[in-house]
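Student: Contents of query02.cif (mmCIF, C-alpha atoms):
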data_query
#
loop_
_atom_site.label_atom_id
_atom_site.label_comp_id
_atom_site.auth_asym_id
_atom_site.auth_seq_id
_atom_site.Cartn_x
_atom_site.Cartn_y
_atom_site.Cartn_z
CA MET C 1 -2.03 23.87 -8.86
CA ASP C 2 1.17 25.91 -8.87
CA VAL C 3 4.68 24.68 -9.72
CA TYR C 4 5.31 23.58 -6.12
CA ASP C 5 2.11 21.47 -6.14
CA TRP C 6 3.07 19.82 -9.42
CA LEU C 7 6.55 18.97 -8.13
CA LEU C 8 5.11 17.37 -4.98
CA ALA C 9 2.53 15.46 -7.04
CA LEU C 10 5.21 14.23 -9.48
CA LEU C 11 7.41 13.13 -6.58
CA GLY C 12 4.49 11.26 -5.00
CA THR C 13 3.71 9.57 -8.33
CA PHE C 14 7.36 8.61 -8.88
CA LEU C 15 7.48 7.07 -5.38
CA LEU C 16 4.22 5.24 -6.13
CA GLY C 17 5.89 3.60 -9.13
CA MET C 18 8.91 2.68 -7.01
CA GLY C 19 6.67 1.23 -4.32
CA LYS C 20 4.86 -0.99 -6.80
CA SER C 21 8.22 -2.26 -8.09
CA GLY C 22 8.81 -3.88 -4.69
CA LEU C 23 10.20 -1.06 -2.54
CA LYS C 24 7.36 -1.37 -0.05
CA GLY C 25 6.81 0.94 2.91
CA LEU C 26 6.64 4.20 0.95
CA GLY C 27 2.86 4.46 1.26
CA ALA C 28 2.85 6.91 4.17
CA VAL C 29 5.08 9.35 2.30
CA ILE C 30 3.05 9.04 -0.91
CA VAL C 31 -0.28 9.56 0.87
CA THR C 32 1.08 12.56 2.77
CA LEU C 33 2.48 14.25 -0.36
CA MET C 34 -0.79 13.79 -2.24
CA ALA C 35 -2.84 14.98 0.74
CA ILE C 36 -0.76 18.18 0.89
CA VAL C 37 -1.54 18.91 -2.75
CA PHE C 38 -5.13 17.68 -3.09
CA GLY C 39 -6.51 17.27 0.46
CA GLY C 40 -7.07 14.10 2.48
CA LYS C 41 -10.15 12.44 1.01
CA GLU C 42 -9.80 14.05 -2.42
CA SER C 43 -6.27 12.67 -2.80
CA THR C 44 -7.61 9.11 -2.60
CA GLY C 45 -9.51 9.74 -5.83
CA VAL C 46 -6.40 11.09 -7.54
CA LEU C 47 -4.35 8.12 -6.38
CA ILE C 48 -6.63 5.18 -7.19
CA PRO C 49 -6.37 5.26 -11.04
CA MET C 50 -2.60 5.73 -10.82
CA MET C 51 -2.33 2.87 -8.34
CA ILE C 52 -4.19 0.60 -10.75
CA ALA C 53 -1.87 1.66 -13.59
CA ALA C 54 1.18 0.91 -11.42
CA ASP C 55 -0.39 -2.41 -10.35
CA VAL C 56 -0.61 -3.39 -14.03
CA PHE C 57 3.16 -2.87 -14.40
CA ALA C 58 3.78 -4.95 -11.26
CA VAL C 59 1.43 -7.78 -12.28
CA ILE C 60 2.99 -8.07 -15.72
CA TYR C 61 6.56 -8.00 -14.39
CA TYR C 62 6.19 -10.23 -11.30
CA HIS C 63 3.15 -12.43 -12.10
CA ARG C 64 5.15 -15.66 -12.33
CA HIS C 65 6.16 -15.31 -8.67
CA THR C 66 2.61 -14.93 -7.28
CA GLN C 67 1.73 -17.28 -4.41
CA TRP C 68 -2.02 -17.68 -4.85
CA TYR C 69 -2.50 -19.58 -1.59
CA PHE C 70 -1.55 -16.56 0.53
CA LEU C 71 -3.46 -14.16 -1.72
CA LYS C 72 -6.64 -16.19 -1.27
CA LYS C 73 -6.21 -16.13 2.51
CA LEU C 74 -6.05 -12.33 2.62
CA LEU C 75 -8.44 -11.32 -0.16
CA PRO C 76 -11.91 -12.15 1.32
CA MET C 77 -11.32 -10.14 4.49
CA MET C 78 -9.75 -7.32 2.52
CA VAL C 79 -12.91 -7.06 0.42
CA LEU C 80 -14.97 -6.91 3.62
CA GLY C 81 -12.61 -4.27 4.99
CA VAL C 82 -13.07 -2.12 1.87
CA LEU C 83 -16.85 -2.28 2.29
CA ILE C 84 -16.51 -1.25 5.95
CA GLY C 85 -14.21 1.57 4.85
CA VAL C 86 -16.77 2.83 2.30
CA TRP C 87 -19.45 2.98 5.02
CA TRP C 88 -17.19 4.25 7.80
CA GLY C 89 -14.97 6.61 5.84
CA GLY C 90 -17.36 9.53 5.80
CA SER C 91 -17.79 9.72 9.57
CA ILE C 92 -14.45 8.91 11.22
CA SER C 93 -11.98 11.62 12.15
CA GLU C 94 -9.03 11.39 9.75
CA LEU C 95 -6.56 12.31 12.51
CA LEU C 96 -7.87 9.65 14.92
CA PHE C 97 -7.91 7.04 12.16
CA LYS C 98 -4.31 7.69 11.16
CA ARG C 99 -3.04 7.61 14.74
CA VAL C 100 -4.76 4.33 15.59
CA MET C 101 -3.48 2.73 12.37
CA ALA C 102 0.06 4.00 12.99
CA ILE C 103 0.08 2.47 16.49
CA ILE C 104 -1.18 -0.89 15.19
CA ILE C 105 1.45 -0.87 12.43
CA LEU C 106 4.24 -0.06 14.90
CA ILE C 107 3.17 -2.86 17.25
CA SER C 108 3.08 -5.31 14.33
CA VAL C 109 6.52 -4.25 13.10
CA LEU C 110 8.02 -4.50 16.60
CA ALA C 111 6.55 -7.99 16.94
CA MET C 112 8.16 -8.99 13.63
CA ILE C 113 11.53 -7.55 14.71
CA TRP C 114 11.27 -9.46 17.99
CA MET C 115 10.58 -12.69 16.07
CA ASP C 116 13.62 -12.06 13.86
CA ARG C 117 15.93 -11.28 16.77
CA SER C 118 14.77 -14.38 18.65
CA ARG C 119 15.46 -16.30 15.42
CA SER C 120 11.95 -17.69 15.44
CA ILE C 121 11.03 -19.34 12.14
CA LYS C 122 7.53 -20.26 13.26
CA ILE C 123 4.93 -19.15 10.73
CA PRO C 124 1.64 -17.88 12.28
CA LYS C 125 -1.07 -20.34 11.23
CA ASN C 126 -3.97 -19.07 13.31
CA PRO C 127 -6.77 -17.95 10.91
CA LEU C 128 -7.33 -14.98 13.22
CA PHE C 129 -3.95 -13.55 12.15
CA SER C 130 -4.67 -13.62 8.41
CA SER C 131 -8.26 -12.45 8.96
CA SER C 132 -7.25 -9.48 11.12
CA MET C 133 -4.44 -8.43 8.78
CA GLY C 134 -6.78 -8.72 5.78
CA LEU C 135 -9.57 -6.75 7.46
CA LEU C 136 -7.24 -3.97 8.61
CA ALA C 137 -5.64 -3.85 5.16
CA GLY C 138 -9.05 -3.48 3.49
CA VAL C 139 -10.28 -0.71 5.79
CA THR C 140 -7.03 1.26 5.60
CA SER C 141 -6.87 0.75 1.83
CA MET C 142 -10.26 2.38 1.30
CA ILE C 143 -9.90 5.22 3.79
CA GLY C 144 -6.26 6.15 3.52
CA ASN C 145 -4.47 3.97 0.92
CA LEU C 146 -2.34 2.66 3.79
CA ALA C 147 -2.93 -1.09 3.39
CA GLY C 148 0.66 -1.81 2.35
CA ALA C 149 1.91 -1.94 5.94
CA PHE C 150 -0.54 -4.67 6.98
CA THR C 151 -0.02 -6.81 3.88
CA SER C 152 3.74 -6.44 4.31
CA VAL C 153 3.56 -7.64 7.92
CA TYR C 154 1.47 -10.64 6.87
CA LEU C 155 3.61 -11.65 3.90
CA LEU C 156 6.83 -11.20 5.89
CA ALA C 157 5.35 -13.36 8.66
CA MET C 158 4.74 -16.04 6.02
CA ARG C 159 8.48 -15.92 5.24
CA LEU C 160 7.97 -15.28 1.52
CA PRO C 161 11.18 -14.65 -0.46
CA LYS C 162 11.60 -11.26 -2.15
CA ASN C 163 10.11 -11.98 -5.58
CA GLU C 164 7.25 -14.09 -4.20
CA PHE C 165 6.47 -11.29 -1.74
CA ILE C 166 6.32 -8.70 -4.53
CA GLY C 167 4.39 -10.91 -6.99
CA THR C 168 1.74 -11.84 -4.42
CA ALA C 169 1.31 -8.23 -3.30
CA ALA C 170 1.07 -7.10 -6.94
CA TRP C 171 -1.96 -9.25 -7.76
CA LEU C 172 -3.55 -8.61 -4.36
CA PHE C 173 -3.52 -4.82 -4.77
CA PHE C 174 -4.52 -4.93 -8.41
CA ILE C 175 -7.69 -6.87 -7.51
CA ILE C 176 -8.47 -4.69 -4.48
CA ASN C 177 -7.86 -1.37 -6.25
CA VAL C 178 -10.07 -2.34 -9.19
CA PHE C 179 -12.74 -3.34 -6.65
CA LYS C 180 -12.42 0.06 -4.92
CA LEU C 181 -12.66 2.14 -8.08
CA PRO C 182 -16.49 2.14 -8.50
CA PHE C 183 -16.92 3.34 -4.90
CA HIS C 184 -14.63 6.29 -5.59
CA VAL C 185 -16.57 7.10 -8.75
CA PHE C 186 -20.18 6.63 -7.63
CA SER C 187 -20.20 6.72 -3.81
CA TRP C 188 -17.49 9.15 -2.71
CA GLU C 189 -17.30 10.89 -6.13
CA THR C 190 -13.58 11.48 -5.70
CA VAL C 191 -12.72 10.24 -9.21
CA THR C 192 -13.90 12.81 -11.76
CA SER C 193 -13.00 13.96 -15.25
CA GLU C 194 -10.75 16.60 -13.67
CA THR C 195 -8.82 14.10 -11.53
CA LEU C 196 -8.40 11.82 -14.58
CA LYS C 197 -6.82 14.71 -16.50
CA ILE C 198 -4.36 15.16 -13.64
CA ASN C 199 -3.65 11.40 -13.72
CA LEU C 200 -2.85 11.62 -17.43
CA LEU C 201 -0.33 14.39 -16.87
CA LEU C 202 1.33 12.59 -13.95
CA SER C 203 1.37 9.11 -15.51
CA PRO C 204 4.91 9.20 -17.05
CA ALA C 205 6.31 9.41 -13.51
CA ILE C 206 4.69 6.02 -12.70
CA ALA C 207 6.68 4.18 -15.37
CA LEU C 208 9.87 6.05 -14.49
CA GLY C 209 9.47 5.20 -10.80
CA PHE C 210 8.60 1.56 -11.46
CA PHE C 211 11.55 0.72 -13.67
CA SER C 212 13.92 2.71 -11.43
CA GLY C 213 12.64 0.67 -8.49
CA VAL C 214 13.07 -2.63 -10.34
CA ARG C 215 16.77 -1.86 -10.79
CA VAL C 216 17.15 -1.15 -7.07
CA VAL C 217 15.22 -4.27 -6.00
CA LYS C 218 17.54 -6.49 -8.07
CA LEU C 219 20.47 -5.28 -5.96
CA ILE C 220 18.86 -6.31 -2.65
CA ASN C 221 19.15 -9.91 -1.42
CA ASN C 222 16.31 -11.69 0.42
CA ASN C 223 17.61 -11.12 3.95
CA LEU C 224 18.36 -7.43 3.39
CA TYR C 225 15.01 -6.98 1.62
CA ARG C 226 13.15 -8.30 4.68
CA LYS C 227 15.00 -5.87 6.96
CA PHE C 228 14.42 -3.00 4.52
CA ILE C 229 10.66 -3.59 4.49
CA LEU C 230 10.46 -3.76 8.29
CA VAL C 231 12.49 -0.58 8.78
CA VAL C 232 10.69 1.47 6.12
CA THR C 233 7.27 0.28 7.32
CA GLY C 234 8.14 1.27 10.88
CA VAL C 235 9.45 4.68 9.80
CA GLY C 236 6.27 5.15 7.75
CA ALA C 237 4.13 4.44 10.80
CA VAL C 238 6.03 7.07 12.80
CA PHE C 239 5.63 9.49 9.89
CA ILE C 240 1.85 8.94 9.94
CA LEU C 241 1.76 9.37 13.71
CA LEU C 242 3.54 12.73 13.58
CA ASN C 243 1.49 14.22 10.72
#
Could you write out this structure as structure tokens?
Tutor:
Amino acid sequence: MDVYDWLLALLGTFLLGMGKSGLKGLGAVIVTLMAIVFGGKESTGVLIPMMIAADVFAVIYYHRHTQWYFLKKLLPMMVLGVLIGVWWGGSISELLFKRVMAIIILISVLAMIWMDRSRSIKIPKNPLFSSSMGLLAGVTSMIGNLAGAFTSVYLLAMRLPKNEFIGTAAWLFFIINVFKLPFHVFSWETVTSETLKINLLLSPAIALGFFSGVRVVKLINNNLYRKFILVVTGVGAVFILLN
């Protein structure tokens, strides 16, 4: 790694910390930066320990706002999605995968924007909605660390206020990322002693990003936060589609 690689990796790690503080929708940028430095599949192994570390910050800071009912609705299908991702991840074309996921994310975001503009306050209660969002989140989490878009769409559809949204997502991703870790170590072998050394060197940027993000999140009210998440998630999907 040269100086340019380290700067990109530090930026990606800083943004990871900010994302875990509640500034959701940065996943596409983070994944892209890490893929430039480490490669597509290899970058997932670099990211997973740092994601867990950032999840710990988020769980400690926002745990009192967690809505366990919604977490329990998403979690079983996310676990299944991770298992599908472990099996499927070695054979699917990374380019095709990213394009399909970007299109699904864009459609979901546009549907949410349409609901907002029509002033619909109806909360989707069909189990198929939570199951499909959970499954897609699990698969994309394992293969590309891109689950944030699908969980954001689901939690926004449930009309969760800002802090409840962040607290629920914090516990959800902490559980899922810990579940994914053994597969990265023993199945894909993307987490190694070398990647852990890199994690150690990058780790200060996680804390810096998290607490910087917390300060920004406090300045955003619930209505603006909802719009922010929708816009950034949509931009992220376009970013994935074009890269």
Student: Need to verify the contact set: range 183-196 of chain C, 9 Å, all atoms listed in the file, exclusion of same-chain residues closer than 6 positions in sequence. Can you return it as a list in words?
Tutor: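 Skipping anything fewer than 6 positions along the chain leaves Lys41, Glu42, Ser43, Thr44, Gly45, Val46, Ile48, Pro49, Val86 and Gly90 of chain C.
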Student: Expanded to explicit residues, what is the PyMOL selection byres ((chain C and resi 66) around 12) for this file, as a list in words?
Tutor: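 Output from the PyMOL selection byres ((chain C and resi 66) around 12), applied to this file: Ala58, Val59, Ile60, Tyr61, Tyr62, His63, Arg64, His65, Gln67, Trp68, Tyr69, Phe70, Leu71, Lys72, Leu155, Leu160, Pro161, Lys162, Asn163, Glu164, Phe165, Ile166, Gly167, Thr168, Ala169, Ala170, Trp171 and Leu172 of chain C.
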Student: Could you jot down the CA of Lys218 in chain C to CA of Gly22 in chain C separation for me, Å, one decimal place?
Tutor: 9.7 Å
Student: When you count only C-alpha atoms, which of these residues is closest to Met158 in chain C: C:Thr233, C:Thr32, C:Asn126, C:Ser212?
Tutor: C:Asn126
Student: Using the chain letters and numbers from this file, what does the PyMOL selection byres ((chain C and resi 24) around 8) select? Give the answer as a PyMOL selection string.
Tutor: chain C and resi 19-20+22-23+25-27+148+152+229+232-233
Student: At what distance in Å, to one decimal, does CA of Phe14 in chain C lie from CA of Asp2 in chain C?
Tutor: 18.4 Å
Student: Find, counting only C-alpha atoms, the residue in C:Ala102, C:Leu47, C:Leu96, C:Val3 that gets nearest to Gly234 in chain C.
Tutor: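 Ranking C:Ala102, C:Leu47, C:Leu96, C:Val3 by distance to Gly234 in chain C, first place goes to C:Ala102.
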Student: Apply the PyMOL selection byres ((chain C and resi 78) around 7) to the file shown and report the selected residues as an NGL selection string.
Tutor: :C and (74-77 or 79-82 or 134-135 or 137-138)
Student: For range 237-241 of chain C, work out the shell of residues within 10 Å, counting only C-alpha atoms and skipping chain neighbours fewer than 4 positions away, then give it as an MDAnalysis selection string.
Tutor: chainID C and resid 25 27:29 31:32 95:96 98:107 109 146 149 231:233
Student: Which value, in Å to one decimal, gives the distance between CA of Arg226 in chain C and CA of Leu128 in chain C?
Tutor: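 Calculated distance between CA of Arg226 in chain C and CA of Leu128 in chain C is 23.2 Å.
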Student: Which is closer to Phe228 in chain C than all the others in C:Ile113, C:Lys197, C:Met133, C:Ala205, using all atoms listed in the file?
Tutor: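 Closest to Phe228 in chain C of all the choices is C:Ile113.
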